[in-house]
file coords21.cif (mmCIF, C-alpha atoms)
data_work
#
loop_
_atom_site.group_PDB
_atom_site.id
_atom_site.type_symbol
_atom_site.label_atom_id
_atom_site.label_comp_id
_atom_site.auth_asym_id
_atom_site.auth_seq_id
_atom_site.Cartn_x
_atom_site.Cartn_y
_atom_site.Cartn_z
ATOM 1 C CA MET A 1 113.458 164.883 114.543
ATOM 2 C CA GLY A 2 115.037 161.549 115.408
ATOM 3 C CA GLU A 3 112.950 159.115 117.345
ATOM 4 C CA ASN A 4 114.595 157.718 120.475
ATOM 5 C CA VAL A 5 114.309 153.967 120.038
ATOM 6 C CA GLY A 6 115.607 151.635 122.700
ATOM 7 C CA MET A 7 114.708 149.062 125.266
ATOM 8 C CA LYS A 8 112.806 150.031 128.362
ATOM 9 C CA LYS A 9 115.028 149.157 131.304
ATOM 10 C CA SER A 10 112.455 148.370 133.959
ATOM 11 C CA LEU A 11 110.460 145.324 135.002
ATOM 12 C CA SER A 12 106.949 145.336 136.391
ATOM 13 C CA LEU A 13 105.446 142.833 138.801
ATOM 14 C CA TRP A 14 103.794 141.125 135.814
ATOM 15 C CA ASN A 15 107.196 140.813 134.091
ATOM 16 C CA PHE A 16 108.700 139.170 137.171
ATOM 17 C CA PHE A 17 105.740 136.790 137.395
ATOM 18 C CA THR A 18 105.978 135.727 133.758
ATOM 19 C CA ILE A 19 109.754 135.241 133.958
ATOM 20 C CA GLY A 20 109.375 133.119 137.086
ATOM 21 C CA PHE A 21 106.451 131.145 135.692
ATOM 22 C CA GLY A 22 108.363 130.518 132.475
ATOM 23 C CA ALA A 23 111.307 129.235 134.491
ATOM 24 C CA ILE A 24 109.011 126.855 136.370
ATOM 25 C CA ILE A 25 107.274 125.608 133.234
ATOM 26 C CA GLY A 26 110.611 125.250 131.454
ATOM 27 C CA THR A 27 111.655 122.462 133.817
ATOM 28 C CA GLY A 28 109.809 119.788 131.850
ATOM 29 C CA TRP A 29 112.994 118.472 130.287
ATOM 30 C CA VAL A 30 114.546 117.994 133.735
ATOM 31 C CA LEU A 31 111.691 115.741 134.800
ATOM 32 C CA LEU A 32 112.083 113.543 131.744
ATOM 33 C CA VAL A 33 115.857 113.026 131.905
ATOM 34 C CA GLY A 34 115.388 109.874 134.019
ATOM 35 C CA ASP A 35 113.156 108.342 131.359
ATOM 36 C CA TRP A 36 115.626 109.312 128.658
ATOM 37 C CA MET A 37 118.400 107.569 130.571
ATOM 38 C CA LYS A 38 116.323 104.394 130.966
ATOM 39 C CA ILE A 39 115.450 104.297 127.275
ATOM 40 C CA GLY A 40 118.785 105.552 125.945
ATOM 41 C CA GLY A 41 121.160 103.303 127.861
ATOM 42 C CA GLY A 42 122.254 105.271 130.902
ATOM 43 C CA PRO A 43 123.800 108.595 131.828
ATOM 44 C CA VAL A 44 126.687 108.585 129.340
ATOM 45 C CA PRO A 45 124.514 108.608 126.176
ATOM 46 C CA ALA A 46 122.286 111.241 127.812
ATOM 47 C CA MET A 47 125.321 113.459 128.533
ATOM 48 C CA ILE A 48 126.563 112.990 124.974
ATOM 49 C CA ALA A 49 123.123 113.987 123.670
ATOM 50 C CA PHE A 50 123.135 117.115 125.850
ATOM 51 C CA MET A 51 126.618 118.021 124.586
ATOM 52 C CA ILE A 52 125.503 117.602 120.969
ATOM 53 C CA GLY A 53 122.474 119.781 121.723
ATOM 54 C CA ALA A 54 124.739 122.414 123.289
ATOM 55 C CA ILE A 55 126.927 122.437 120.183
ATOM 56 C CA PHE A 56 123.844 123.291 118.106
ATOM 57 C CA LEU A 57 122.481 125.862 120.571
ATOM 58 C CA LEU A 58 125.661 127.845 121.293
ATOM 59 C CA PRO A 59 125.756 129.543 117.855
ATOM 60 C CA ILE A 60 122.082 130.464 118.239
ATOM 61 C CA GLY A 61 122.812 132.084 121.603
ATOM 62 C CA ALA A 62 125.778 133.938 120.104
ATOM 63 C CA VAL A 63 123.611 135.270 117.271
ATOM 64 C CA PHE A 64 120.977 136.494 119.728
ATOM 65 C CA GLY A 65 123.706 138.191 121.760
ATOM 66 C CA GLU A 66 124.981 139.999 118.679
ATOM 67 C CA LEU A 67 121.476 140.966 117.547
ATOM 68 C CA THR A 68 120.627 142.320 120.986
ATOM 69 C CA SER A 69 123.701 144.534 121.021
ATOM 70 C CA ALA A 70 123.296 145.615 117.377
ATOM 71 C CA ILE A 71 119.520 146.224 117.487
ATOM 72 C CA PRO A 72 118.646 147.304 121.064
ATOM 73 C CA ILE A 73 114.862 147.097 120.789
ATOM 74 C CA SER A 74 112.226 145.025 122.504
ATOM 75 C CA GLY A 75 110.190 142.562 120.488
ATOM 76 C CA GLY A 76 112.498 139.577 120.289
ATOM 77 C CA ILE A 77 113.150 137.506 117.228
ATOM 78 C CA VAL A 78 110.118 138.769 115.304
ATOM 79 C CA GLU A 79 111.364 142.350 115.572
ATOM 80 C CA TYR A 80 114.929 141.340 114.684
ATOM 81 C CA VAL A 81 113.712 139.563 111.545
ATOM 82 C CA SER A 82 111.500 142.533 110.675
ATOM 83 C CA ARG A 83 114.425 144.945 110.938
ATOM 84 C CA THR A 84 116.891 142.745 109.047
ATOM 85 C CA CYS A 85 114.835 140.738 106.523
ATOM 86 C CA GLY A 86 111.521 142.553 106.128
ATOM 87 C CA ASP A 87 107.936 142.252 107.293
ATOM 88 C CA LYS A 88 106.917 139.206 105.230
ATOM 89 C CA LEU A 89 109.614 136.995 106.706
ATOM 90 C CA SER A 90 108.895 138.469 110.138
ATOM 91 C CA TYR A 91 105.241 137.460 109.761
ATOM 92 C CA LEU A 92 106.270 133.887 108.924
ATOM 93 C CA THR A 93 108.690 133.848 111.850
ATOM 94 C CA GLY A 94 105.906 134.843 114.219
ATOM 95 C CA TRP A 95 103.668 132.055 112.991
ATOM 96 C CA PHE A 96 106.460 129.482 113.204
ATOM 97 C CA LEU A 97 107.038 130.570 116.803
ATOM 98 C CA VAL A 98 103.327 130.103 117.543
ATOM 99 C CA LEU A 99 103.319 126.638 115.949
ATOM 100 C CA GLY A 100 106.509 125.594 117.722
ATOM 101 C CA ASN A 101 105.205 126.706 121.099
ATOM 102 C CA ALA A 102 101.827 125.064 120.442
ATOM 103 C CA ILE A 103 103.641 121.760 119.975
ATOM 104 C CA LEU A 104 105.667 122.336 123.138
ATOM 105 C CA CYS A 105 102.699 123.153 125.398
ATOM 106 C CA PRO A 106 101.266 119.594 125.663
ATOM 107 C CA TRP A 107 104.695 118.255 126.575
ATOM 108 C CA GLU A 108 105.011 120.863 129.327
ATOM 109 C CA ALA A 109 101.514 119.975 130.563
ATOM 110 C CA ILE A 110 102.622 116.359 130.960
ATOM 111 C CA ALA A 111 105.697 117.553 132.833
ATOM 112 C CA ILE A 112 103.573 119.689 135.175
ATOM 113 C CA SER A 113 101.296 116.744 135.956
ATOM 114 C CA THR A 114 104.380 114.598 136.644
ATOM 115 C CA LEU A 115 105.788 117.263 138.949
ATOM 116 C CA ILE A 116 102.508 117.630 140.835
ATOM 117 C CA GLY A 117 102.260 113.835 141.088
ATOM 118 C CA GLU A 118 105.667 113.752 142.780
ATOM 119 C CA PHE A 119 104.559 116.185 145.484
ATOM 120 C CA ILE A 120 100.924 115.084 145.856
ATOM 121 C CA PRO A 121 100.758 111.273 145.510
#
call {"tool": "encode", "arguments": {"input": "coords21.cif", "output": "structure tokens"}}
result
Amino acid sequence: MGENVGMKKSLSLWNFFTIGFGAIIGTGWVLLVGDWMKIGGGPVPAMIAFMIGAIFLLPIGAVFGELTSAIPISGGIVEYVSRTCGDKLSYLTGWFLVLGNAILCPWEAIAISTLIGEFIP
């Protein structure tokens, strides 16, 4: 018989915690905008840089939107790659995600220490 595959439509307390914690940790770029403006020449170049970044990120968001509607399963990008391109490429995608996030973690740690330093001098 056919297996009912789909996304579970409920969130546990742990899910809410991790979403909230990820939102807090993801604020590192906001803390560094002031430094970027000092180094880069003011707010106008910073806004231009953000607009250029948005131009690159909008197609990625659109692709994820299409994949989510076409393949309604949990598992994120690794599962999407597995379903569309095979397990070998999915394995590589998973490792690239690990490496990319491992590079990002020290930067976020610096941002957290900056944030704590603002509140506790």
call {"tool": "atom_distance", "arguments": {"input": "coords21.cif", "atom1": "atom CA of A:Thr114", "atom2": "atom CA of A:Leu31"}}
result
7.6 Å
call {"tool": "resolve_selection", "arguments": {"input": "coords21.cif", "expression": "the PyMOL selection byres ((chain A and resi 45-60) around 12)", "output": "list in words"}}
result
Trp29, Val30, Leu32, Val33, Gly34, Asp35, Trp36, Met37, Lys38, Ile39, Gly40, Gly41, Gly42, Pro43, Val44, Gly61, Ala62, Val63, Phe64, Gly65, Glu66, Leu67 and Ile77 of chain A
call {"tool": "atom_distance", "arguments": {"input": "coords21.cif", "atom1": "atom CA of A:Tyr80", "atom2": "atom CA of A:Gly94"}}
result
11.1 Å
call {"tool": "atom_distance", "arguments": {"input": "coords21.cif", "atom1": "atom CA of A:Ile73", "atom2": "atom CA of A:Ser12"}}
result
17.6 Å
call {"tool": "build_atoms", "arguments": {"input": "coords21.cif", "residues": "stretch 33-69 of chain A", "atoms": "N, CA and C atoms", "output": "PDB file, in the frame of the given file"}}
result
ATOM      1  N   VAL A  33     114.505 113.539 132.112  1.00  0.00           N
ATOM      2  CA  VAL A  33     115.857 113.026 131.905  1.00  0.00           C
ATOM      3  C   VAL A  33     115.981 111.585 132.390  1.00  0.00           C
ATOM      4  N   GLY A  34     115.337 111.253 133.512  1.00  0.00           N
ATOM      5  CA  GLY A  34     115.388 109.874 134.019  1.00  0.00           C
ATOM      6  C   GLY A  34     114.838 108.874 133.015  1.00  0.00           C
ATOM      7  N   ASP A  35     113.721 109.223 132.392  1.00  0.00           N
ATOM      8  CA  ASP A  35     113.156 108.342 131.359  1.00  0.00           C
ATOM      9  C   ASP A  35     114.088 108.234 130.157  1.00  0.00           C
ATOM     10  N   TRP A  36     114.697 109.347 129.782  1.00  0.00           N
ATOM     11  CA  TRP A  36     115.626 109.312 128.658  1.00  0.00           C
ATOM     12  C   TRP A  36     116.803 108.393 128.959  1.00  0.00           C
ATOM     13  N   MET A  37     117.265 108.423 130.216  1.00  0.00           N
ATOM     14  CA  MET A  37     118.400 107.569 130.571  1.00  0.00           C
ATOM     15  C   MET A  37     118.013 106.094 130.570  1.00  0.00           C
ATOM     16  N   LYS A  38     116.780 105.792 130.997  1.00  0.00           N
ATOM     17  CA  LYS A  38     116.323 104.394 130.966  1.00  0.00           C
ATOM     18  C   LYS A  38     116.235 103.889 129.531  1.00  0.00           C
ATOM     19  N   ILE A  39     115.655 104.699 128.665  1.00  0.00           N
ATOM     20  CA  ILE A  39     115.450 104.297 127.275  1.00  0.00           C
ATOM     21  C   ILE A  39     116.766 104.324 126.496  1.00  0.00           C
ATOM     22  N   GLY A  40     117.588 105.337 126.752  1.00  0.00           N
ATOM     23  CA  GLY A  40     118.785 105.552 125.945  1.00  0.00           C
ATOM     24  C   GLY A  40     120.026 104.807 126.377  1.00  0.00           C
ATOM     25  N   GLY A  41     120.004 104.109 127.500  1.00  0.00           N
ATOM     26  CA  GLY A  41     121.160 103.303 127.861  1.00  0.00           C
ATOM     27  C   GLY A  41     122.003 103.848 128.991  1.00  0.00           C
ATOM     28  N   GLY A  42     121.506 104.798 129.743  1.00  0.00           N
ATOM     29  CA  GLY A  42     122.254 105.271 130.902  1.00  0.00           C
ATOM     30  C   GLY A  42     122.657 106.727 130.803  1.00  0.00           C
ATOM     31  N   PRO A  43     123.454 107.174 131.771  1.00  0.00           N
ATOM     32  CA  PRO A  43     123.800 108.595 131.828  1.00  0.00           C
ATOM     33  C   PRO A  43     124.789 109.040 130.757  1.00  0.00           C
ATOM     34  N   VAL A  44     125.677 108.166 130.317  1.00  0.00           N
ATOM     35  CA  VAL A  44     126.687 108.585 129.340  1.00  0.00           C
ATOM     36  C   VAL A  44     126.051 108.974 128.004  1.00  0.00           C
ATOM     37  N   PRO A  45     125.168 108.157 127.413  1.00  0.00           N
ATOM     38  CA  PRO A  45     124.514 108.608 126.176  1.00  0.00           C
ATOM     39  C   PRO A  45     123.684 109.881 126.374  1.00  0.00           C
ATOM     40  N   ALA A  46     123.061 110.024 127.551  1.00  0.00           N
ATOM     41  CA  ALA A  46     122.286 111.241 127.812  1.00  0.00           C
ATOM     42  C   ALA A  46     123.204 112.461 127.850  1.00  0.00           C
ATOM     43  N   MET A  47     124.374 112.337 128.489  1.00  0.00           N
ATOM     44  CA  MET A  47     125.321 113.459 128.533  1.00  0.00           C
ATOM     45  C   MET A  47     125.851 113.786 127.143  1.00  0.00           C
ATOM     46  N   ILE A  48     126.102 112.757 126.346  1.00  0.00           N
ATOM     47  CA  ILE A  48     126.563 112.990 124.974  1.00  0.00           C
ATOM     48  C   ILE A  48     125.485 113.722 124.178  1.00  0.00           C
ATOM     49  N   ALA A  49     124.228 113.318 124.368  1.00  0.00           N
ATOM     50  CA  ALA A  49     123.123 113.987 123.670  1.00  0.00           C
ATOM     51  C   ALA A  49     123.014 115.450 124.091  1.00  0.00           C
ATOM     52  N   PHE A  50     123.176 115.729 125.387  1.00  0.00           N
ATOM     53  CA  PHE A  50     123.135 117.115 125.850  1.00  0.00           C
ATOM     54  C   PHE A  50     124.297 117.922 125.274  1.00  0.00           C
ATOM     55  N   MET A  51     125.472 117.316 125.169  1.00  0.00           N
ATOM     56  CA  MET A  51     126.618 118.021 124.586  1.00  0.00           C
ATOM     57  C   MET A  51     126.385 118.320 123.108  1.00  0.00           C
ATOM     58  N   ILE A  52     125.818 117.365 122.381  1.00  0.00           N
ATOM     59  CA  ILE A  52     125.503 117.602 120.969  1.00  0.00           C
ATOM     60  C   ILE A  52     124.476 118.726 120.853  1.00  0.00           C
ATOM     61  N   GLY A  53     123.458 118.700 121.716  1.00  0.00           N
ATOM     62  CA  GLY A  53     122.474 119.781 121.723  1.00  0.00           C
ATOM     63  C   GLY A  53     123.107 121.127 122.019  1.00  0.00           C
ATOM     64  N   ALA A  54     124.055 121.160 122.958  1.00  0.00           N
ATOM     65  CA  ALA A  54     124.739 122.414 123.289  1.00  0.00           C
ATOM     66  C   ALA A  54     125.541 122.935 122.108  1.00  0.00           C
ATOM     67  N   ILE A  55     126.157 122.026 121.359  1.00  0.00           N
ATOM     68  CA  ILE A  55     126.927 122.437 120.183  1.00  0.00           C
ATOM     69  C   ILE A  55     126.018 123.142 119.177  1.00  0.00           C
ATOM     70  N   PHE A  56     124.783 122.657 119.030  1.00  0.00           N
ATOM     71  CA  PHE A  56     123.844 123.291 118.106  1.00  0.00           C
ATOM     72  C   PHE A  56     123.277 124.592 118.664  1.00  0.00           C
ATOM     73  N   LEU A  57     123.125 124.692 119.979  1.00  0.00           N
ATOM     74  CA  LEU A  57     122.481 125.862 120.571  1.00  0.00           C
ATOM     75  C   LEU A  57     123.437 127.023 120.843  1.00  0.00           C
ATOM     76  N   LEU A  58     124.716 126.763 121.023  1.00  0.00           N
ATOM     77  CA  LEU A  58     125.661 127.845 121.293  1.00  0.00           C
ATOM     78  C   LEU A  58     125.715 128.894 120.177  1.00  0.00           C
ATOM     79  N   PRO A  59     125.775 128.508 118.897  1.00  0.00           N
ATOM     80  CA  PRO A  59     125.756 129.543 117.855  1.00  0.00           C
ATOM     81  C   PRO A  59     124.465 130.365 117.855  1.00  0.00           C
ATOM     82  N   ILE A  60     123.349 129.732 118.180  1.00  0.00           N
ATOM     83  CA  ILE A  60     122.082 130.464 118.239  1.00  0.00           C
ATOM     84  C   ILE A  60     122.138 131.511 119.346  1.00  0.00           C
ATOM     85  N   GLY A  61     122.657 131.132 120.504  1.00  0.00           N
ATOM     86  CA  GLY A  61     122.812 132.084 121.603  1.00  0.00           C
ATOM     87  C   GLY A  61     123.752 133.220 121.239  1.00  0.00           C
ATOM     88  N   ALA A  62     124.836 132.901 120.522  1.00  0.00           N
ATOM     89  CA  ALA A  62     125.778 133.938 120.104  1.00  0.00           C
ATOM     90  C   ALA A  62     125.120 134.916 119.134  1.00  0.00           C
ATOM     91  N   VAL A  63     124.313 134.399 118.219  1.00  0.00           N
ATOM     92  CA  VAL A  63     123.611 135.270 117.271  1.00  0.00           C
ATOM     93  C   VAL A  63     122.638 136.191 118.002  1.00  0.00           C
ATOM     94  N   PHE A  64     121.896 135.650 118.964  1.00  0.00           N
ATOM     95  CA  PHE A  64     120.977 136.494 119.728  1.00  0.00           C
ATOM     96  C   PHE A  64     121.733 137.552 120.524  1.00  0.00           C
ATOM     97  N   GLY A  65     122.893 137.200 121.055  1.00  0.00           N
ATOM     98  CA  GLY A  65     123.706 138.191 121.760  1.00  0.00           C
ATOM     99  C   GLY A  65     124.136 139.321 120.839  1.00  0.00           C
ATOM    100  N   GLU A  66     124.577 138.978 119.642  1.00  0.00           N
ATOM    101  CA  GLU A  66     124.981 139.999 118.679  1.00  0.00           C
ATOM    102  C   GLU A  66     123.797 140.853 118.231  1.00  0.00           C
ATOM    103  N   LEU A  67     122.654 140.209 117.968  1.00  0.00           N
ATOM    104  CA  LEU A  67     121.476 140.966 117.547  1.00  0.00           C
ATOM    105  C   LEU A  67     121.008 141.921 118.637  1.00  0.00           C
ATOM    106  N   THR A  68     121.065 141.473 119.887  1.00  0.00           N
ATOM    107  CA  THR A  68     120.627 142.320 120.986  1.00  0.00           C
ATOM    108  C   THR A  68     121.518 143.544 121.118  1.00  0.00           C
ATOM    109  N   SER A  69     122.817 143.376 120.923  1.00  0.00           N
ATOM    110  CA  SER A  69     123.701 144.534 121.021  1.00  0.00           C
ATOM    111  C   SER A  69     123.616 145.421 119.776  1.00  0.00           C
TER     112      SER A  69
END
